[in-house]
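Enquirer: Sharing coords.txt here; it has compact mmCIF, N, CA and C atoms.
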```txt
# COMPACT_ATOMS: atom_id res chain seq x y z
N MET A 192 12.13 11.72 -17.14
CA MET A 192 13.48 11.36 -16.78
C MET A 192 13.90 10.16 -17.62
N ARG A 193 15.08 10.22 -18.14
CA ARG A 193 15.55 9.16 -19.03
C ARG A 193 16.22 8.03 -18.24
N PHE A 194 16.41 6.89 -18.94
CA PHE A 194 17.00 5.71 -18.31
C PHE A 194 18.32 6.03 -17.63
N GLN A 195 19.19 6.77 -18.33
CA GLN A 195 20.51 7.07 -17.79
C GLN A 195 20.39 7.79 -16.44
N GLU A 196 19.51 8.77 -16.38
CA GLU A 196 19.33 9.55 -15.16
C GLU A 196 18.79 8.67 -14.03
N LYS A 197 17.86 7.80 -14.37
CA LYS A 197 17.29 6.91 -13.36
C LYS A 197 18.35 5.96 -12.81
N LEU A 198 19.18 5.43 -13.71
CA LEU A 198 20.23 4.51 -13.28
C LEU A 198 21.23 5.23 -12.38
N ILE A 199 21.64 6.43 -12.76
CA ILE A 199 22.57 7.20 -11.94
C ILE A 199 21.95 7.48 -10.56
N ASN A 200 20.69 7.90 -10.55
CA ASN A 200 20.01 8.20 -9.28
C ASN A 200 19.92 6.97 -8.40
N LEU A 201 19.56 5.83 -8.98
CA LEU A 201 19.45 4.59 -8.21
C LEU A 201 20.81 4.18 -7.65
N ARG A 202 21.84 4.27 -8.48
CA ARG A 202 23.19 3.90 -8.05
C ARG A 202 23.64 4.79 -6.90
N LYS A 203 23.48 6.09 -7.06
CA LYS A 203 23.92 7.03 -6.02
C LYS A 203 23.09 6.91 -4.75
N ALA A 204 21.79 6.69 -4.91
CA ALA A 204 20.91 6.54 -3.75
C ALA A 204 21.30 5.32 -2.91
N ASN A 205 21.90 4.33 -3.57
CA ASN A 205 22.33 3.13 -2.86
C ASN A 205 23.80 3.20 -2.48
N GLY A 206 24.42 4.36 -2.69
CA GLY A 206 25.80 4.58 -2.28
C GLY A 206 26.82 3.73 -3.03
N LEU A 207 26.56 3.49 -4.29
CA LEU A 207 27.45 2.63 -5.09
C LEU A 207 28.25 3.45 -6.09
N THR A 208 29.46 3.02 -6.34
CA THR A 208 30.23 3.57 -7.44
C THR A 208 29.89 2.77 -8.69
N GLN A 209 30.32 3.26 -9.84
CA GLN A 209 30.10 2.50 -11.08
C GLN A 209 30.79 1.14 -10.98
N GLU A 210 31.94 1.12 -10.39
CA GLU A 210 32.70 -0.12 -10.22
C GLU A 210 31.94 -1.12 -9.37
N GLN A 211 31.39 -0.66 -8.25
CA GLN A 211 30.64 -1.54 -7.37
C GLN A 211 29.38 -2.07 -8.04
N LEU A 212 28.66 -1.20 -8.76
CA LEU A 212 27.46 -1.64 -9.47
C LEU A 212 27.82 -2.67 -10.53
N ALA A 213 28.89 -2.40 -11.26
CA ALA A 213 29.33 -3.33 -12.29
C ALA A 213 29.62 -4.70 -11.69
N GLU A 214 30.25 -4.70 -10.53
CA GLU A 214 30.57 -5.96 -9.86
C GLU A 214 29.29 -6.70 -9.45
N LYS A 215 28.31 -5.96 -8.93
CA LYS A 215 27.04 -6.57 -8.52
C LYS A 215 26.29 -7.18 -9.71
N LEU A 216 26.41 -6.51 -10.87
CA LEU A 216 25.69 -6.97 -12.06
C LEU A 216 26.51 -7.91 -12.93
N SER A 217 27.76 -8.15 -12.55
CA SER A 217 28.69 -9.01 -13.31
C SER A 217 28.92 -8.46 -14.72
N VAL A 218 29.15 -7.16 -14.80
CA VAL A 218 29.50 -6.51 -16.06
C VAL A 218 30.72 -5.63 -15.80
N SER A 219 31.25 -5.05 -16.85
CA SER A 219 32.42 -4.18 -16.67
C SER A 219 31.98 -2.79 -16.22
N ARG A 220 32.92 -2.07 -15.60
CA ARG A 220 32.64 -0.70 -15.20
C ARG A 220 32.36 0.16 -16.43
N GLN A 221 33.03 -0.16 -17.55
CA GLN A 221 32.82 0.59 -18.78
C GLN A 221 31.39 0.43 -19.29
N ALA A 222 30.81 -0.76 -19.10
CA ALA A 222 29.42 -0.99 -19.52
C ALA A 222 28.49 -0.08 -18.74
N VAL A 223 28.68 -0.02 -17.42
CA VAL A 223 27.86 0.85 -16.59
C VAL A 223 28.06 2.30 -17.00
N SER A 224 29.30 2.68 -17.26
CA SER A 224 29.61 4.04 -17.68
C SER A 224 28.90 4.40 -18.99
N ARG A 225 28.90 3.48 -19.94
CA ARG A 225 28.22 3.72 -21.22
C ARG A 225 26.71 3.81 -21.04
N TRP A 226 26.14 3.00 -20.16
CA TRP A 226 24.70 3.07 -19.92
C TRP A 226 24.34 4.43 -19.32
N GLU A 227 25.15 4.86 -18.35
CA GLU A 227 24.86 6.14 -17.69
C GLU A 227 25.11 7.33 -18.61
N ALA A 228 26.01 7.18 -19.55
CA ALA A 228 26.28 8.27 -20.50
C ALA A 228 25.26 8.29 -21.64
N GLY A 229 24.51 7.23 -21.78
CA GLY A 229 23.53 7.13 -22.86
C GLY A 229 24.15 6.67 -24.17
N ASP A 230 25.39 6.19 -24.13
CA ASP A 230 26.06 5.70 -25.33
C ASP A 230 25.56 4.33 -25.75
N SER A 231 25.06 3.57 -24.78
CA SER A 231 24.49 2.25 -25.08
C SER A 231 23.42 1.96 -24.03
N ALA A 232 22.72 0.87 -24.25
CA ALA A 232 21.67 0.45 -23.32
C ALA A 232 21.92 -1.01 -22.92
N PRO A 233 21.55 -1.38 -21.72
CA PRO A 233 21.75 -2.77 -21.31
C PRO A 233 20.85 -3.71 -22.11
N ASP A 234 21.33 -4.93 -22.31
CA ASP A 234 20.48 -5.92 -22.97
C ASP A 234 19.41 -6.39 -21.97
N MET A 235 18.53 -7.24 -22.43
CA MET A 235 17.41 -7.67 -21.59
C MET A 235 17.88 -8.36 -20.31
N TYR A 236 18.91 -9.18 -20.43
CA TYR A 236 19.43 -9.88 -19.26
C TYR A 236 19.93 -8.88 -18.21
N ASN A 237 20.71 -7.90 -18.66
CA ASN A 237 21.25 -6.91 -17.73
C ASN A 237 20.16 -5.97 -17.20
N LEU A 238 19.17 -5.67 -18.02
CA LEU A 238 18.05 -4.85 -17.56
C LEU A 238 17.31 -5.57 -16.43
N GLN A 239 17.11 -6.87 -16.60
CA GLN A 239 16.47 -7.65 -15.53
C GLN A 239 17.32 -7.63 -14.26
N ALA A 240 18.62 -7.75 -14.42
CA ALA A 240 19.52 -7.74 -13.27
C ALA A 240 19.46 -6.40 -12.55
N ILE A 241 19.42 -5.32 -13.31
CA ILE A 241 19.30 -3.98 -12.71
C ILE A 241 17.99 -3.86 -11.94
N CYS A 242 16.91 -4.30 -12.56
CA CYS A 242 15.59 -4.24 -11.90
C CYS A 242 15.57 -5.04 -10.61
N ARG A 243 16.11 -6.26 -10.66
CA ARG A 243 16.13 -7.10 -9.46
C ARG A 243 16.99 -6.47 -8.37
N TYR A 244 18.15 -5.97 -8.74
CA TYR A 244 19.06 -5.42 -7.74
C TYR A 244 18.45 -4.20 -7.05
N PHE A 245 17.88 -3.30 -7.80
CA PHE A 245 17.34 -2.07 -7.22
C PHE A 245 15.88 -2.20 -6.79
N GLY A 246 15.22 -3.31 -7.15
CA GLY A 246 13.83 -3.52 -6.75
C GLY A 246 12.87 -2.59 -7.47
N VAL A 247 13.12 -2.34 -8.74
CA VAL A 247 12.23 -1.50 -9.54
C VAL A 247 11.77 -2.29 -10.76
N SER A 248 10.74 -1.79 -11.41
CA SER A 248 10.23 -2.47 -12.59
C SER A 248 10.94 -1.98 -13.85
N ALA A 249 10.97 -2.81 -14.85
CA ALA A 249 11.53 -2.42 -16.14
C ALA A 249 10.70 -1.30 -16.74
N ASP A 250 9.40 -1.33 -16.50
CA ASP A 250 8.51 -0.28 -16.99
C ASP A 250 8.98 1.09 -16.49
N TYR A 251 9.32 1.16 -15.22
CA TYR A 251 9.80 2.41 -14.67
C TYR A 251 11.12 2.85 -15.32
N LEU A 252 12.03 1.90 -15.47
CA LEU A 252 13.35 2.26 -16.00
C LEU A 252 13.31 2.71 -17.45
N ILE A 253 12.51 2.07 -18.28
CA ILE A 253 12.59 2.36 -19.72
C ILE A 253 11.56 3.39 -20.18
N ASN A 254 10.58 3.69 -19.39
CA ASN A 254 9.57 4.67 -19.79
C ASN A 254 9.98 6.05 -19.30
N ASP A 255 10.34 6.92 -20.21
CA ASP A 255 10.82 8.26 -19.86
C ASP A 255 9.76 9.12 -19.18
N ASP A 256 8.50 8.80 -19.37
CA ASP A 256 7.42 9.60 -18.78
C ASP A 256 7.24 9.34 -17.29
N LEU A 257 7.78 8.22 -16.79
CA LEU A 257 7.62 7.86 -15.39
C LEU A 257 8.77 8.43 -14.57
N THR A 258 8.43 9.18 -13.53
CA THR A 258 9.47 9.77 -12.69
C THR A 258 9.63 9.03 -11.37
N SER A 259 8.73 8.11 -11.10
CA SER A 259 8.78 7.36 -9.85
C SER A 259 8.23 5.96 -10.10
N GLU A 260 8.71 5.02 -9.32
CA GLU A 260 8.20 3.65 -9.41
C GLU A 260 6.70 3.62 -9.12
N ASN A 261 6.23 4.57 -8.33
CA ASN A 261 4.80 4.64 -7.99
C ASN A 261 3.95 5.11 -9.17
N ASP A 262 4.58 5.62 -10.23
CA ASP A 262 3.84 6.07 -11.40
C ASP A 262 3.51 4.94 -12.37
N THR A 263 4.08 3.77 -12.15
CA THR A 263 3.85 2.66 -13.08
C THR A 263 2.41 2.18 -12.97
N PRO A 264 1.86 1.67 -14.06
CA PRO A 264 0.47 1.20 -14.02
C PRO A 264 0.21 0.15 -12.94
N LEU A 265 1.17 -0.76 -12.73
CA LEU A 265 0.98 -1.81 -11.73
C LEU A 265 0.91 -1.20 -10.32
N ALA A 266 1.79 -0.23 -10.04
CA ALA A 266 1.77 0.41 -8.73
C ALA A 266 0.47 1.19 -8.53
N GLN A 267 0.00 1.85 -9.57
CA GLN A 267 -1.25 2.60 -9.45
C GLN A 267 -2.42 1.66 -9.24
N LYS A 268 -2.39 0.50 -9.91
CA LYS A 268 -3.46 -0.48 -9.74
C LYS A 268 -3.46 -0.99 -8.30
N LYS A 269 -2.29 -1.30 -7.76
CA LYS A 269 -2.21 -1.77 -6.39
C LYS A 269 -2.68 -0.70 -5.41
N ASP A 270 -2.30 0.56 -5.67
CA ASP A 270 -2.73 1.65 -4.82
C ASP A 270 -4.26 1.78 -4.84
N ASN A 271 -4.85 1.64 -6.03
CA ASN A 271 -6.31 1.70 -6.14
C ASN A 271 -6.96 0.55 -5.38
N GLU A 272 -6.36 -0.65 -5.46
CA GLU A 272 -6.90 -1.80 -4.75
C GLU A 272 -6.83 -1.59 -3.24
N ILE A 273 -5.73 -1.02 -2.77
CA ILE A 273 -5.58 -0.75 -1.34
C ILE A 273 -6.61 0.26 -0.88
N GLN A 274 -6.81 1.32 -1.67
CA GLN A 274 -7.81 2.34 -1.31
C GLN A 274 -9.21 1.74 -1.28
N GLN A 275 -9.52 0.86 -2.25
CA GLN A 275 -10.83 0.21 -2.29
C GLN A 275 -11.02 -0.69 -1.07
N GLU A 276 -9.97 -1.41 -0.69
CA GLU A 276 -10.05 -2.28 0.49
C GLU A 276 -10.28 -1.46 1.75
N LYS A 277 -9.60 -0.33 1.88
CA LYS A 277 -9.81 0.55 3.03
C LYS A 277 -11.25 1.05 3.07
N GLN A 278 -11.76 1.44 1.91
CA GLN A 278 -13.14 1.92 1.86
C GLN A 278 -14.12 0.82 2.23
N ASN A 279 -13.87 -0.41 1.74
CA ASN A 279 -14.73 -1.55 2.08
C ASN A 279 -14.73 -1.79 3.58
N ARG A 280 -13.56 -1.71 4.20
CA ARG A 280 -13.49 -1.92 5.65
C ARG A 280 -14.25 -0.82 6.39
N LYS A 281 -14.09 0.41 5.93
CA LYS A 281 -14.83 1.51 6.56
C LYS A 281 -16.32 1.28 6.46
N ASN A 282 -16.77 0.84 5.29
CA ASN A 282 -18.20 0.58 5.10
C ASN A 282 -18.68 -0.53 6.03
N MET A 283 -17.87 -1.57 6.18
CA MET A 283 -18.26 -2.68 7.06
C MET A 283 -18.34 -2.21 8.51
N HIS A 284 -17.40 -1.37 8.93
CA HIS A 284 -17.46 -0.83 10.29
C HIS A 284 -18.72 0.00 10.47
N LEU A 285 -19.06 0.79 9.48
CA LEU A 285 -20.26 1.63 9.59
C LEU A 285 -21.51 0.76 9.67
N ILE A 286 -21.59 -0.25 8.82
CA ILE A 286 -22.76 -1.15 8.84
C ILE A 286 -22.86 -1.85 10.19
N ALA A 287 -21.73 -2.34 10.70
CA ALA A 287 -21.74 -3.02 12.00
C ALA A 287 -22.15 -2.06 13.10
N GLY A 288 -21.66 -0.83 13.02
CA GLY A 288 -22.03 0.16 14.03
C GLY A 288 -23.52 0.45 14.01
N VAL A 289 -24.07 0.59 12.83
CA VAL A 289 -25.52 0.85 12.71
C VAL A 289 -26.31 -0.33 13.26
N CYS A 290 -25.87 -1.54 12.93
CA CYS A 290 -26.57 -2.74 13.45
C CYS A 290 -26.52 -2.78 14.97
N PHE A 291 -25.37 -2.44 15.54
CA PHE A 291 -25.26 -2.45 16.99
C PHE A 291 -26.15 -1.37 17.61
N VAL A 292 -26.26 -0.22 16.97
CA VAL A 292 -27.13 0.83 17.49
C VAL A 292 -28.58 0.36 17.47
N ILE A 293 -28.97 -0.29 16.39
CA ILE A 293 -30.33 -0.82 16.32
C ILE A 293 -30.56 -1.87 17.41
N ALA A 294 -29.57 -2.75 17.60
CA ALA A 294 -29.68 -3.76 18.66
C ALA A 294 -29.77 -3.09 20.03
N TRP A 295 -28.98 -2.04 20.22
CA TRP A 295 -29.01 -1.31 21.48
C TRP A 295 -30.38 -0.68 21.71
N MET A 296 -30.95 -0.11 20.66
CA MET A 296 -32.28 0.50 20.79
C MET A 296 -33.32 -0.55 21.14
N CYS A 297 -33.20 -1.73 20.54
CA CYS A 297 -34.14 -2.81 20.86
C CYS A 297 -33.97 -3.25 22.32
N ALA A 298 -32.71 -3.30 22.76
CA ALA A 298 -32.45 -3.70 24.15
C ALA A 298 -33.02 -2.66 25.11
N VAL A 299 -32.86 -1.40 24.79
CA VAL A 299 -33.41 -0.33 25.64
C VAL A 299 -34.93 -0.44 25.68
N TYR A 300 -35.52 -0.68 24.52
CA TYR A 300 -36.98 -0.83 24.47
C TYR A 300 -37.42 -2.00 25.35
N GLY A 301 -36.67 -3.12 25.25
CA GLY A 301 -36.99 -4.28 26.08
C GLY A 301 -36.81 -3.98 27.55
N LEU A 302 -35.78 -3.18 27.86
CA LEU A 302 -35.50 -2.82 29.24
C LEU A 302 -36.62 -1.96 29.82
N ILE A 303 -37.08 -1.04 29.01
CA ILE A 303 -38.15 -0.14 29.46
C ILE A 303 -39.45 -0.92 29.68
N ASN A 304 -39.71 -1.90 28.84
CA ASN A 304 -40.97 -2.62 28.91
C ASN A 304 -40.89 -3.93 29.68
N ALA A 305 -39.76 -4.21 30.32
CA ALA A 305 -39.61 -5.48 31.02
C ALA A 305 -40.09 -5.37 32.47
N GLU A 306 -40.47 -6.51 32.98
CA GLU A 306 -40.84 -6.56 34.39
C GLU A 306 -39.56 -6.78 35.19
N ILE A 307 -39.61 -6.47 36.47
CA ILE A 307 -38.44 -6.64 37.33
C ILE A 307 -38.13 -8.13 37.40
N GLY A 308 -36.86 -8.49 37.29
CA GLY A 308 -36.44 -9.87 37.38
C GLY A 308 -35.34 -10.17 36.39
N ILE A 309 -35.24 -11.42 36.02
CA ILE A 309 -34.16 -11.88 35.15
C ILE A 309 -34.23 -11.23 33.77
N GLN A 310 -35.44 -11.00 33.27
CA GLN A 310 -35.59 -10.38 31.95
C GLN A 310 -35.00 -8.97 31.97
N LEU A 311 -35.19 -8.26 33.05
CA LEU A 311 -34.65 -6.91 33.20
C LEU A 311 -33.13 -6.94 33.25
N LEU A 312 -32.57 -7.89 33.99
CA LEU A 312 -31.11 -8.02 34.09
C LEU A 312 -30.50 -8.35 32.73
N LEU A 313 -31.09 -9.30 32.01
CA LEU A 313 -30.57 -9.67 30.69
C LEU A 313 -30.66 -8.51 29.71
N SER A 314 -31.75 -7.76 29.77
CA SER A 314 -31.89 -6.60 28.89
C SER A 314 -30.84 -5.55 29.21
N ALA A 315 -30.56 -5.35 30.48
CA ALA A 315 -29.56 -4.36 30.89
C ALA A 315 -28.16 -4.77 30.40
N ILE A 316 -27.82 -6.05 30.56
CA ILE A 316 -26.52 -6.54 30.10
C ILE A 316 -26.40 -6.40 28.58
N SER A 317 -27.46 -6.79 27.89
CA SER A 317 -27.48 -6.67 26.43
C SER A 317 -27.32 -5.22 26.01
N CYS A 318 -27.98 -4.33 26.70
CA CYS A 318 -27.93 -2.90 26.39
C CYS A 318 -26.50 -2.38 26.55
N VAL A 319 -25.84 -2.72 27.63
CA VAL A 319 -24.49 -2.25 27.89
C VAL A 319 -23.51 -2.81 26.86
N LEU A 320 -23.60 -4.10 26.58
CA LEU A 320 -22.68 -4.73 25.63
C LEU A 320 -22.84 -4.17 24.23
N THR A 321 -24.05 -3.99 23.78
CA THR A 321 -24.24 -3.46 22.43
C THR A 321 -23.82 -2.00 22.35
N ALA A 322 -23.99 -1.25 23.42
CA ALA A 322 -23.55 0.14 23.42
C ALA A 322 -22.02 0.22 23.30
N VAL A 323 -21.33 -0.65 24.03
CA VAL A 323 -19.86 -0.69 23.95
C VAL A 323 -19.42 -1.08 22.54
N CYS A 324 -20.03 -2.09 21.98
CA CYS A 324 -19.69 -2.52 20.61
C CYS A 324 -19.96 -1.42 19.60
N ALA A 325 -21.06 -0.75 19.73
CA ALA A 325 -21.39 0.34 18.81
C ALA A 325 -20.36 1.45 18.91
N ALA A 326 -19.97 1.79 20.12
CA ALA A 326 -18.98 2.84 20.31
C ALA A 326 -17.65 2.45 19.65
N ILE A 327 -17.24 1.22 19.83
CA ILE A 327 -15.99 0.75 19.22
C ILE A 327 -16.08 0.81 17.70
N GLN A 328 -17.18 0.36 17.14
CA GLN A 328 -17.35 0.37 15.70
C GLN A 328 -17.29 1.79 15.13
N PHE A 329 -17.94 2.72 15.76
CA PHE A 329 -17.94 4.10 15.27
C PHE A 329 -16.57 4.73 15.42
N VAL A 330 -15.87 4.43 16.51
CA VAL A 330 -14.51 4.95 16.67
C VAL A 330 -13.62 4.42 15.55
N CYS A 331 -13.72 3.11 15.26
CA CYS A 331 -12.94 2.52 14.16
C CYS A 331 -13.29 3.16 12.83
N TYR A 332 -14.55 3.43 12.60
CA TYR A 332 -14.98 4.01 11.32
C TYR A 332 -14.42 5.42 11.13
N PHE A 333 -14.54 6.24 12.14
CA PHE A 333 -14.14 7.62 11.98
C PHE A 333 -12.63 7.84 12.15
N ARG A 334 -11.92 6.88 12.72
CA ARG A 334 -10.49 7.01 12.90
C ARG A 334 -9.74 6.76 11.61
N LYS A 335 -10.25 5.92 10.73
CA LYS A 335 -9.52 5.53 9.52
C LYS A 335 -9.68 6.54 8.42
```
Just give me the structure of the file as structure tokens.

Expert:
Amino acid sequence: MRFQEKLINLRKANGLTQEQLAEKLSVSRQAVSRWEAGDSAPDMYNLQAICRYFGVSADYLINDDLTSENDTPLAQKKDNEIQQEKQNRKNMHLIAGVCFVIAWMCAVYGLINAEIGIQLLLSAISCVLTAVCAAIQFVCYFRK
């Protein structure tokens, strides 16, 4: 998609006429008309103003191969970083869940081998708490 088409799409998507866009950018309506017709291109100052107004990158506007702002290298890099962060969080939940399961197994072992009294009560409380934590960790891991 070419610059002219992107500019027209952005303008129409925001419900603006050429006159209104020209006013927002402090240029003439004829300038906007020429940009959209492909007869001329905005200078660097006006390109920056267009990018700021519509919240898009210059890379997106001037690169004909890009059909979406999400196709820009910066957007793809951010998307990759977000996916990596999600995976890291999932891994941490899994590790925490495994640790809690191991702690729960140790508590059960202590409970089975404990004598009646305070040691038995503490082992039972520990067993219940670690089981709840493990369940929460696994739910968080598999939900994401």

Enquirer: Between CA of Lys197 (chain A) and atom C of Trp226 (chain A), what is the distance in Å, rounded to a tenth?

Expert: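 Separation of CA of Lys197 (chain A) and atom C of Trp226 (chain A): 9.6 Å.
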
Enquirer: With all atoms listed in the file as the basis for distance, which of A:Val323, A:Leu252, A:Leu311, A:Met283 is at the shortest distance from Met192 (chain A)?

Expert: A:Leu252

Enquirer: Mind the document's chain letters and residue numbers, and return as a PyMOL selection string the residues of region 219-290 of chain A that DSSP labels alpha helix (DSSP H).

Expert: chain A and resi 220-228+235-245+249-253+264-290

Enquirer: Skipping near chain neighbours, those fewer than 2 positions away, what residues fall within 7 Å of Ala287 (chain A) using all atoms listed in the file, listed as a ChimeraX atom specification?

Expert: /A:282-285,289-292,324-325,328-329

Enquirer: Considering all atoms listed in the file, return as an MDAnalysis selection string whatever protein or nucleic-acid residues lie within 8 Å of Thr208 (chain A), sequence-local ones (same chain, fewer than 6 positions apart) excluded.

Expert: chainID A and resid 202 214 220

Enquirer: Hey, can you check how far atom C of Ile327 (chain A) sits from atom C of Asn304 (chain A)?

Expert: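 About the pair atom C of Ile327 (chain A) and atom C of Asn304 (chain A): they are 28.0 Å apart.
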
Enquirer: Kindly give the distance, in Å, that separates CA of Val218 (chain A) and CA of Gln195 (chain A), rounded to a single decimal.

Expert: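 Spanning CA of Val218 (chain A) to CA of Gln195 (chain A) is a straight-line distance of 16.4 Å.
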
Enquirer: Identify which of the residues A:Trp295, A:Leu201, A:Leu207, A:Ser217 lies closest to Phe245 (chain A), counting only N, CA and C atoms when measuring atom-to-atom distances.

Expert: A:Leu201

Enquirer: List the spatial neighbours of Val223 (chain A) as a PyMOL selection string - criterion: any atom at most 9 Å away, only C-alpha atoms, same-chain residues fewer than 5 positions off excluded.

Expert: chain A and resi 209-210+212-213+218+228+233
